[in-house]
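K.L.:
File input.cif follows (mmCIF, C-alpha atoms):
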```
data_structure
loop_
_atom_site.label_atom_id
_atom_site.label_comp_id
_atom_site.auth_asym_id
_atom_site.auth_seq_id
_atom_site.Cartn_x
_atom_site.Cartn_y
_atom_site.Cartn_z
CA MET A 1 -55.14 -20.78 16.57
CA PRO A 2 -52.30 -23.09 15.36
CA ARG A 3 -51.46 -20.53 12.68
CA VAL A 4 -51.17 -17.80 15.30
CA VAL A 5 -48.90 -20.00 17.41
CA SER A 6 -46.77 -20.79 14.35
CA ALA A 7 -46.44 -17.10 13.51
CA VAL A 8 -45.42 -16.26 17.08
CA LEU A 9 -42.92 -19.13 17.09
CA LEU A 10 -41.37 -18.02 13.79
CA ALA A 11 -41.09 -14.46 15.05
CA ALA A 12 -39.40 -15.66 18.21
CA LEU A 13 -36.97 -17.79 16.24
CA ALA A 14 -36.13 -14.87 13.94
CA LEU A 15 -35.55 -12.61 16.94
CA ALA A 16 -33.32 -15.23 18.56
CA ALA A 17 -31.33 -15.63 15.35
CA ALA A 18 -30.87 -11.88 15.02
CA PHE A 19 -29.77 -11.67 18.65
CA THR A 20 -27.27 -14.48 18.06
CA VAL A 21 -25.79 -12.73 15.00
CA ASP A 22 -25.57 -9.40 16.84
CA ALA A 23 -23.95 -11.11 19.82
CA ALA A 24 -21.44 -12.81 17.54
CA HIS A 25 -20.63 -9.50 15.85
CA ALA A 26 -20.26 -7.81 19.22
CA GLN A 27 -17.92 -10.56 20.38
CA THR A 28 -15.88 -10.24 17.17
CA ALA A 29 -15.67 -6.46 17.55
CA ALA A 30 -14.58 -6.80 21.18
CA ALA A 31 -11.79 -9.16 20.13
CA LEU A 32 -10.33 -6.82 17.50
CA PRO A 33 -6.81 -5.56 18.19
CA ASP A 34 -6.15 -1.95 19.16
CA TRP A 35 -4.33 -0.24 16.29
CA SER A 36 -5.43 3.24 17.31
CA GLY A 37 -3.15 6.23 17.17
CA VAL A 38 -0.82 7.59 14.50
CA TRP A 39 1.98 5.50 13.01
CA GLN A 40 4.98 6.09 10.76
CA MET A 41 6.92 3.69 8.58
CA GLN A 42 10.35 2.87 9.95
CA GLY A 43 13.26 3.72 7.68
CA PRO A 44 13.45 5.44 4.27
CA THR A 45 11.17 4.72 1.33
CA VAL A 46 13.24 1.82 -0.01
CA PHE A 47 10.59 -0.82 -0.55
CA ASP A 48 12.69 -3.95 0.10
CA ARG A 49 15.29 -2.89 2.65
CA ALA A 50 16.43 -6.50 3.05
CA THR A 51 18.01 -6.52 -0.42
CA VAL A 52 18.92 -2.87 -1.08
CA GLN A 53 22.44 -2.12 -2.28
CA PRO A 54 24.31 -0.24 -0.96
CA PRO A 55 22.81 -1.17 2.44
CA ASN A 56 22.27 2.48 3.42
CA GLY A 57 21.06 3.52 -0.04
CA GLN A 58 17.95 5.64 -0.43
CA THR A 59 15.52 6.01 -3.30
CA GLY A 60 16.42 8.65 -5.84
CA GLN A 61 20.16 8.23 -5.26
CA PRO A 62 22.12 7.14 -8.38
CA GLY A 63 22.97 3.44 -8.45
CA VAL A 64 20.74 2.36 -5.54
CA ARG A 65 18.76 -0.81 -6.28
CA GLU A 66 16.97 -3.77 -4.74
CA PHE A 67 16.90 -7.40 -5.85
CA PRO A 68 13.38 -8.72 -6.39
CA PRO A 69 13.24 -12.12 -8.15
CA TYR A 70 12.69 -10.54 -11.54
CA THR A 71 12.49 -12.43 -14.82
CA LYS A 72 15.18 -11.49 -17.34
CA GLU A 73 12.75 -9.19 -19.17
CA TRP A 74 11.70 -7.31 -16.04
CA GLU A 75 15.24 -7.11 -14.71
CA ALA A 76 16.09 -5.31 -17.97
CA ILE A 77 13.19 -2.90 -17.38
CA TYR A 78 14.46 -2.24 -13.87
CA GLN A 79 18.00 -1.66 -15.15
CA ARG A 80 16.69 0.94 -17.61
CA ASN A 81 14.82 2.68 -14.80
CA ILE A 82 17.96 2.67 -12.62
CA GLU A 83 19.83 4.38 -15.45
CA LEU A 84 17.06 6.98 -15.74
CA VAL A 85 17.42 7.66 -12.01
CA ARG A 86 21.17 8.09 -12.54
CA GLU A 87 20.44 10.64 -15.28
CA GLY A 88 17.83 12.43 -13.17
CA ARG A 89 15.10 11.57 -15.67
CA PHE A 90 13.12 8.81 -13.95
CA PRO A 91 9.45 9.86 -13.97
CA ASP A 92 7.69 9.38 -10.64
CA PRO A 93 3.96 9.58 -11.44
CA ILE A 94 3.28 11.10 -8.01
CA SER A 95 5.06 14.23 -9.22
CA ALA A 96 2.12 14.79 -11.58
CA CYS A 97 -0.08 15.13 -8.47
CA GLY A 98 -3.49 13.68 -7.68
CA ILE A 99 -2.42 10.14 -8.57
CA PRO A 100 -2.79 7.51 -5.81
CA HIS A 101 0.37 5.67 -4.79
CA GLY A 102 -1.34 2.34 -5.40
CA PHE A 103 -0.58 -1.01 -3.80
CA PRO A 104 2.00 -2.00 -2.63
CA ARG A 105 3.53 1.49 -2.64
CA ILE A 106 0.83 2.74 -0.26
CA MET A 107 2.56 0.58 2.38
CA ASN A 108 5.82 2.46 1.74
CA VAL A 109 5.19 6.20 2.05
CA PRO A 110 7.13 8.57 4.32
CA ASP A 111 4.34 10.41 6.10
CA VAL A 112 2.14 9.06 8.87
CA TYR A 113 -0.65 6.47 8.83
CA GLU A 114 -3.83 5.72 10.71
CA PHE A 115 -5.33 2.21 10.82
CA ALA A 116 -9.09 2.11 11.31
CA VAL A 117 -10.07 -1.36 12.53
CA THR A 118 -13.82 -2.09 12.43
CA ARG A 119 -15.95 -5.21 12.57
CA ASP A 120 -16.48 -5.40 8.80
CA ALA A 121 -13.40 -3.71 7.34
CA VAL A 122 -9.95 -2.32 8.04
CA TYR A 123 -8.94 0.98 6.45
CA ILE A 124 -5.31 1.99 5.94
CA LEU A 125 -5.23 5.79 5.74
CA ALA A 126 -1.96 7.20 4.43
CA GLU A 127 -1.45 10.90 5.10
CA ASN A 128 0.69 11.10 1.95
CA GLY A 129 -2.17 10.95 -0.46
CA PRO A 130 -4.55 10.50 -1.86
CA GLY A 131 -4.09 7.13 -0.18
CA ILE A 132 -6.76 4.79 1.24
CA LEU A 133 -6.59 0.99 1.20
CA ARG A 134 -9.90 -0.72 1.99
CA ILE A 135 -9.74 -4.29 3.31
CA TYR A 136 -13.14 -5.95 3.73
CA THR A 137 -13.36 -8.51 6.54
CA ASP A 138 -17.12 -9.14 6.47
CA GLY A 139 -16.84 -12.56 4.83
CA ARG A 140 -17.27 -11.45 1.22
CA THR A 141 -15.18 -12.92 -1.58
CA HIS A 142 -13.43 -11.04 -4.36
CA PRO A 143 -15.78 -9.84 -7.11
CA PRO A 144 -16.11 -12.14 -10.13
CA ALA A 145 -13.61 -11.56 -12.92
CA GLU A 146 -16.18 -9.88 -15.16
CA GLU A 147 -16.73 -7.18 -12.51
CA LEU A 148 -13.04 -6.40 -11.97
CA TRP A 149 -10.76 -3.96 -13.75
CA PRO A 150 -7.22 -2.92 -12.77
CA THR A 151 -7.13 -0.07 -10.26
CA TYR A 152 -4.44 1.62 -8.19
CA THR A 153 -5.13 -0.16 -4.89
CA GLY A 154 -6.99 -3.15 -6.31
CA ALA A 155 -9.54 -5.23 -4.40
CA SER A 156 -8.65 -6.51 -0.92
CA ILE A 157 -10.49 -8.98 1.28
CA GLY A 158 -9.24 -10.32 4.59
CA HIS A 159 -9.88 -12.21 7.78
CA TRP A 160 -8.44 -12.37 11.27
CA GLU A 161 -6.22 -15.19 12.49
CA GLY A 162 -6.08 -14.32 16.15
CA ASP A 163 -4.59 -10.82 16.27
CA THR A 164 -3.18 -11.05 12.72
CA LEU A 165 -4.98 -9.50 9.77
CA VAL A 166 -4.50 -11.63 6.65
CA PHE A 167 -5.62 -10.07 3.39
CA THR A 168 -5.23 -10.66 -0.32
CA THR A 169 -5.06 -7.89 -2.91
CA ILE A 170 -5.83 -8.45 -6.60
CA SER A 171 -6.81 -6.48 -9.73
CA LEU A 172 -3.91 -4.01 -9.69
CA LYS A 173 -2.88 -1.68 -12.50
CA GLY A 174 0.81 -2.48 -12.48
CA SER A 175 3.17 -0.38 -14.59
CA SER A 176 1.51 -1.09 -17.94
CA SER A 177 0.43 2.53 -18.40
CA ASN A 178 3.55 4.03 -16.74
CA ASP A 179 1.55 5.52 -13.88
CA VAL A 180 2.43 3.11 -11.03
CA ILE A 181 5.84 2.44 -9.51
CA VAL A 182 6.81 0.70 -6.27
CA ASP A 183 9.56 3.11 -5.25
CA ARG A 184 11.90 5.71 -6.75
CA THR A 185 14.74 3.28 -7.40
CA GLY A 186 12.61 2.27 -10.41
CA LEU A 187 10.89 -0.85 -9.03
CA VAL A 188 7.83 -1.83 -11.06
CA LEU A 189 5.37 -4.74 -11.23
CA SER A 190 2.99 -5.95 -13.91
CA ASP A 191 -0.81 -5.96 -13.98
CA ALA A 192 -0.65 -9.66 -13.03
CA SER A 193 0.72 -8.87 -9.58
CA HIS A 194 -1.22 -9.80 -6.46
CA ALA A 195 -0.27 -10.09 -2.81
CA THR A 196 -1.08 -11.74 0.49
CA THR A 197 -0.31 -9.54 3.49
CA ARG A 198 -0.06 -10.61 7.12
CA MET A 199 -0.33 -7.61 9.42
CA ARG A 200 -0.05 -7.66 13.20
CA LYS A 201 1.02 -5.66 16.21
CA LEU A 202 4.40 -6.88 17.47
CA ASP A 203 4.22 -4.76 20.62
CA ASP A 204 2.59 -1.55 21.81
CA LYS A 205 4.94 0.52 19.62
CA THR A 206 5.28 -1.57 16.45
CA ILE A 207 3.00 -2.88 13.69
CA GLU A 208 4.47 -5.24 11.10
CA ALA A 209 3.21 -6.02 7.60
CA GLN A 210 4.66 -8.99 5.73
CA MET A 211 3.73 -8.92 2.05
CA THR A 212 4.14 -11.95 -0.20
CA ILE A 213 3.96 -10.57 -3.74
CA GLU A 214 3.36 -12.84 -6.72
CA ASP A 215 3.53 -11.81 -10.36
CA ASP A 216 3.47 -14.39 -13.14
CA LYS A 217 4.79 -11.84 -15.66
CA ALA A 218 7.50 -10.03 -13.70
CA LEU A 219 8.71 -12.45 -11.00
CA THR A 220 10.17 -15.95 -11.03
CA ARG A 221 8.95 -16.74 -7.50
CA PRO A 222 7.05 -15.09 -4.63
CA TRP A 223 8.72 -11.98 -3.22
CA LEU A 224 8.53 -11.48 0.56
CA VAL A 225 8.84 -7.90 1.81
CA THR A 226 8.47 -6.77 5.43
CA LYS A 227 7.54 -3.25 6.51
CA ARG A 228 7.27 -1.94 10.07
CA TYR A 229 5.50 1.08 11.50
CA GLY A 230 6.25 2.81 14.79
CA LYS A 231 3.61 4.44 16.96
CA GLN A 232 3.94 8.20 17.29
CA PRO A 233 3.50 10.18 20.56
CA PRO A 234 -0.05 10.77 21.81
CA GLY A 235 -1.61 13.84 20.26
CA THR A 236 0.22 13.46 16.94
CA TRP A 237 -1.90 14.74 14.07
CA ALA A 238 -2.41 13.15 10.67
CA TRP A 239 -3.13 15.95 8.24
CA ASP A 240 -5.05 16.07 4.99
CA TYR A 241 -2.02 16.01 2.70
CA SER A 242 -2.41 15.64 -1.03
CA CYS A 243 -1.28 17.32 -4.20
CA GLY A 244 -4.11 18.67 -6.31
CA GLU A 245 -2.16 20.82 -8.75
CA ASN A 246 1.28 20.35 -10.26
CA ASN A 247 2.73 23.69 -9.20
CA ARG A 248 5.74 22.27 -7.35
CA ASN A 249 7.25 19.77 -9.77
CA PRO A 250 7.57 21.11 -13.32
CA VAL A 251 9.15 18.73 -15.81
CA THR A 252 11.82 19.95 -18.24
CA THR A 253 11.85 19.11 -21.93
CA SER A 254 14.44 16.38 -21.28
CA GLY A 255 12.23 14.70 -18.68
CA LYS A 256 13.87 15.95 -15.47
CA THR A 257 11.51 16.68 -12.57
CA LEU A 258 12.23 19.94 -10.76
CA THR A 259 11.16 21.33 -7.39
CA LEU A 260 10.24 25.00 -7.00
CA GLY A 261 11.38 27.09 -4.07
CA PRO A 262 9.34 29.75 -2.22
CA ASP A 263 10.28 32.29 -4.89
CA GLY A 264 8.81 30.12 -7.63
CA LYS A 265 12.21 29.31 -9.15
CA PRO A 266 13.67 25.78 -9.45
CA LEU A 267 15.80 24.65 -6.51
CA ASP A 268 17.52 22.16 -8.83
CA ARG A 269 20.48 23.02 -11.03
CA VAL A 270 19.23 23.22 -14.60
CA THR A 271 21.86 22.78 -17.27
CA GLU A 272 19.70 22.69 -20.37
#
```
The structure given in the file should be rewritten as structure tokens.

P.N.:
Amino acid sequence: MPRVVSAVLLAALALAAAFTVDAAHAQTAAALPDWSGVWQMQGPTVFDRATVQPPNGQTGQPGVREFPPYTKEWEAIYQRNIELVREGRFPDPISACGIPHGFPRIMNVPDVYEFAVTRDAVYILAENGPGILRIYTDGRTHPPAEELWPTYTGASIGHWEGDTLVFTTISLKGSSSNDVIVDRTGLVLSDASHATTRMRKLDDKTIEAQMTIEDDKALTRPWLVTKRYGKQPPGTWAWDYSCGENNRNPVTTSGKTLTLGPDGKPLDRVTE
């Protein structure tokens, strides 16, 4: 009989523990902020608008640049990229199609976003794709070093501080293989870059993301960049937008990227 009582007691304790965990999860889910709807980044695709020169400059325009705290070596790399932009020969990997924007560029794309907030993860869905950033908030840690390899969006884990999502992103590709840039002014980071992002809703119409980017190879100190996203009218659609074939951006022999018009001929002036 004592064994039966012990078994019943253990079962009751297990049930109570499971109920407590479920209740805690339910409470956590109920406390999550409402980031529903469709959102769009405010301003052009200049990554660090706080330092861009000229102040109204846009990516792809000759001479436009930002001022991250680059080391001398990486400032020289950026200067070379700026000159390539001036010559119309800066290669944006996205033009090759099918390549993810990567982090942090995924936070800086022109088309709309959706933010899926769940109990165990937050998903940033960029319409301009392919673009998905997964942020796990279920209490896990980053994988051990031997299980990591550099990827476009890296590995992100986070937690909630009140209504603010705080997440860290590591294991990024960087520009080592020339297939990741930060924006079309020529900004690049190394494969040592990582970031801590604080993301919150400022008001019903605005979400803000403050990224502190660190890079022992490319930067002399942490680089703080703030992006904001405005909520779009109810009923706005986010479409499945991605480039699967490079039939819009042929590249000339000199390295210039062209755009084709409806007739299949380049819209750009070709002088070669």

K.L.:
What do you get, as a PyMOL selection string, if you spell out every residue that the PyMOL selection byres ((chain A and resi 201) around 10) selects here?

P.N.:
chain A and resi 33-35+163-165+199-200+202-209+228-229

K.L.:
Find the residues around segment 192-198 of chain A up to 12 Å (all atoms listed in the file counted), leave out those fewer than 4 positions away in its own chain, and share them as an MDAnalysis selection string.

P.N.:
chainID A and resid 103:104 107 135 149:176 182 188 202 207:228

K.L.:
Env of Pro130 of chain A: 9 Å cut, atoms = all atoms listed in the file, seq-sep filter 3 positions within chain, self excluded. Answer as a list in words.

P.N.:
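Those residues are Gly98, Ile99, Pro100, His101, Leu125, Ala126, Glu127, Asp240, Tyr241, Ser242 and Cys243 of chain A.
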
K.L.:
With all atoms listed in the file as the basis for distance, which of A:Lys72, A:Lys231, A:Lys265, A:Arg184 is at the shortest distance from Leu84 of chain A?

P.N.:
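Result for the nearest residue to Leu84 of chain A: A:Arg184.
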
K.L.:
Using all atoms listed in the file, determine which residues lie at most 9 Å from segment 112-124 of chain A, disregarding the query and same-chain residues fewer than 4 positions distant; provide the list as a PyMOL selection string.

P.N.:
chain A and resi 25-26+28-30+32-41+106-107+128+131-139+157-158+165+229+232+237-239

K.L.:
Could you tell me how far atom CA of Asn108 of chain A lies from atom CA of Glu147 of chain A, in Å and to one decimal?

P.N.:
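Atom CA of Glu147 of chain A lies at a distance of 28.4 Å from atom CA of Asn108 of chain A.
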
K.L.:
Atom CA of Lys256 of chain A to atom CA of Phe90 of chain A: how many Å, to one decimal?

P.N.:
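Atom CA of Lys256 of chain A sits 7.3 Å away from atom CA of Phe90 of chain A.
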
K.L.:
Fewer than 5 positions away in the same chain doesn't count, so skip those; otherwise give me all residues within 10 Å of Thr257 of chain A, counting all atoms listed in the file, as a PyMOL selection string.

P.N.:
chain A and resi 88-92+95-96+248-252+266+268

K.L.:
What residues come out when you apply the PyMOL selection byres ((chain A and resi 53) around 8) to this file, written as a list in words?

P.N.:
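For this structure, the PyMOL selection byres ((chain A and resi 53) around 8) captures Thr51, Val52, Pro54, Pro55, Asn56, Gly57, Val64, Arg65 and Glu66 of chain A.
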
K.L.:
For atom CA of Gly43 of chain A and atom CA of Gln61 of chain A, determine how far apart the two atoms are, in Å to one decimal place.

P.N.:
15.3 Å

K.L.:
Could you check which of A:Pro93, A:Pro44, A:Gly255, A:Pro69 is closest to Val109 of chain A, using all atoms listed in the file?

P.N.:
A:Pro44

K.L.:
Using only C-alpha atoms for the distances, tell me which of A:Ile94, A:Ala31, A:Leu260, A:Ala145 is nearest to Val180 of chain A.

P.N.:
A:Ile94

K.L.:
Quick one: axis-aligned box around all listed atoms of segment 232-242 of chain A, 3 Å on every side, centre and edge lengths in Å to one decimal, written as JSON.

P.N.:
```
{"center_x": -0.6, "center_y": 12.1, "center_z": 10.4, "size_x": 15.0, "size_y": 13.9, "size_z": 28.8}
```

K.L.:
Which one of A:Leu258, A:Ile181, A:Leu187, A:Leu267 sits closest to Ile82 of chain A if you count all atoms listed in the file?

P.N.:
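Of all the options, A:Leu187 lies closest to Ile82 of chain A.
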
K.L.:
Smallest atom-to-atom distance to Gln58 of chain A: which of A:Thr259, A:Thr45, A:Ser190, A:Asn178, using all atoms listed in the file?

P.N.:
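Smallest separation from Gln58 of chain A among the options: A:Thr45.
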